[in-house]
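Below: the structure, in structure tokens.
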Amino acid sequence: MKYLDINTWNRKQHFEHFSKFVDPYFGVVVDVDVTNTYLFSKKTTIPFFALYLHACMKAINSVENLKYRIIDDKILIHEIIHASATIFREDTTFGFTFIDYSEDFTTFYKNFQIEKERVLNSNDLFAPVNTKDCIYCSALPWVPFSAHKEPVSGLSESVPMVAYGKFVEKDSKLMMPVSVKVNHALVDGYHIGEFFKKFQIELNKIG
């Protein structure tokens with residue numbers, strides 16, 4: 001395990017300040033262009049969600065601060081961040097997944113399919129794996145939201161939370177709202193900006 005040296009960290013005061021907050025999370029909603037991703041999904045029958053989730057995870061794993069987790073007042077640095085995504089069932093319930101990340105889409109998609117099948121063939125809410133080296137993410141394809149709020153457990157938490165909304169056509173492009181919520185003790189607006197920049201680059205590559 002690798003821990004961050006908080007005493008030499010240039011954000012030490014920021015960490016100590018925001019760690020005292022009852023709710024240290026802040027969030028933003030940004031529209032991303034998913035035109036290429038959606039058209040490629042329709043052409044290949046690969047699920048739209050799997051395609052943009054992989055692009056999102058590539059972006060998450062490119063930003064150092066999004067790999068930090070607070071464990072017993074220490075900051076653990078994870079080498080790889082995975083996806084804990086919700087999968088919707090026909091009976092309108094959902095289940096949590098833990099999808100092992102791989103930069104290679106084929107490998108990631110196999111992991112995605114395994115977890116999707118597990119959820120669709122069970123009534124379980126929780127995934128067998130429940131660790132913090134992930135992001136919590138969910139899709140709300142029914143509404144093109146402009147604001148979003150995640151439930152707060154009341155416990156000390158540092159896992160980023162991401163939600164994807166319904167895309168709409170704007171200026172001949174398909175734009176999808178994406179909500180990102182992060183612990184301000186670990187992450188600032190700059191890091192969110194870097195995430196969205198990389199996310200859009202990865203989405204543009206698809207197809």
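Labeling convention for the structure tokens: chains A, B, ... as they appear, residues from 1 per chain, ligands from 1 in order of appearance.
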Could you list, as a PyMOL selection string, every residue within 7 Å of Ala55 in chain A, counting only C-alpha atoms and ignoring same-chain residues fewer than 6 positions away?
chain A and resi 199+202-203
Closest atom pairs, range 117-184 of chain A residues within 10 Å of range 189-193 of chain A, only C-alpha atoms, as JSON lines:
```
{"residue": "A:Val180", "atom": "CA", "partner": "A:Ile192", "partner_atom": "CA", "distance": 7.9}
{"residue": "A:Lys181", "atom": "CA", "partner": "A:Ile192", "partner_atom": "CA", "distance": 9.2}
{"residue": "A:Val182", "atom": "CA", "partner": "A:Ile192", "partner_atom": "CA", "distance": 8.7}
{"residue": "A:His184", "atom": "CA", "partner": "A:Gly189", "partner_atom": "CA", "distance": 8.7}
```
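Using only C-alpha atoms, the shortest contact distance between Thr107 in chain A and any of A:Val187, A:Ala50, A:Cys137, A:Phe88 is found at A:Ala50.
Ranking A:Ala85, A:Val119, A:Val143, A:Leu39 by their shortest atom-to-atom distance to His54 in chain A, with only C-alpha atoms included, puts A:Ala85 first.
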Find the spatial neighbours of Leu120 in chain A, counting only C-alpha atoms, within a cut-off of 9 Å - ignore same-chain residues fewer than 3 positions away - and output them as a PyMOL selection string.
chain A and resi 87-90+94-95+115-117+123
Please, could you write that set of residues out with N, CA, C and O atoms as a short mmCIF file (atom, residue, chain, number, x, y, z; two decimals), in the first residue's frame?
```
data_model
loop_
_atom_site.label_atom_id
_atom_site.label_comp_id
_atom_site.auth_asym_id
_atom_site.auth_seq_id
_atom_site.Cartn_x
_atom_site.Cartn_y
_atom_site.Cartn_z
N ILE A 87 -26.80 -1.38 -12.08
CA ILE A 87 -27.41 -2.02 -13.24
C ILE A 87 -28.91 -2.14 -12.99
O ILE A 87 -29.33 -2.64 -11.95
N PHE A 88 -29.69 -1.66 -13.94
CA PHE A 88 -31.15 -1.63 -13.82
C PHE A 88 -31.76 -2.97 -14.24
O PHE A 88 -31.34 -3.58 -15.21
N ARG A 89 -32.76 -3.42 -13.47
CA ARG A 89 -33.46 -4.66 -13.78
C ARG A 89 -34.85 -4.36 -14.35
O ARG A 89 -35.39 -3.27 -14.15
N GLU A 90 -35.45 -5.35 -15.00
CA GLU A 90 -36.78 -5.18 -15.59
C GLU A 90 -37.84 -4.91 -14.54
O GLU A 90 -38.86 -4.28 -14.84
N PHE A 94 -32.50 -2.22 -8.87
CA PHE A 94 -31.16 -2.22 -9.42
C PHE A 94 -30.22 -2.93 -8.46
O PHE A 94 -30.54 -3.18 -7.30
N GLY A 95 -29.04 -3.25 -8.96
CA GLY A 95 -28.01 -3.87 -8.13
C GLY A 95 -26.69 -3.16 -8.34
O GLY A 95 -26.41 -2.64 -9.43
N GLU A 115 -20.56 -8.85 -14.63
CA GLU A 115 -21.27 -8.20 -13.54
C GLU A 115 -22.72 -7.91 -13.89
O GLU A 115 -23.62 -8.04 -13.06
N LYS A 116 -22.96 -7.53 -15.14
CA LYS A 116 -24.34 -7.26 -15.57
C LYS A 116 -25.19 -8.52 -15.47
O LYS A 116 -26.32 -8.49 -14.96
N GLU A 117 -24.65 -9.64 -15.94
CA GLU A 117 -25.38 -10.91 -15.87
C GLU A 117 -25.63 -11.33 -14.42
O GLU A 117 -26.70 -11.86 -14.10
N ASN A 123 -31.34 -11.06 -7.02
CA ASN A 123 -32.09 -9.98 -6.37
C ASN A 123 -31.19 -9.17 -5.44
O ASN A 123 -31.67 -8.33 -4.68
#
```
Between CA of Val22 in chain A and CA of Gly154 in chain A - distance in Å to one decimal
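According to the coordinates, CA of Gly154 in chain A and CA of Val22 in chain A are separated by 7.9 Å.
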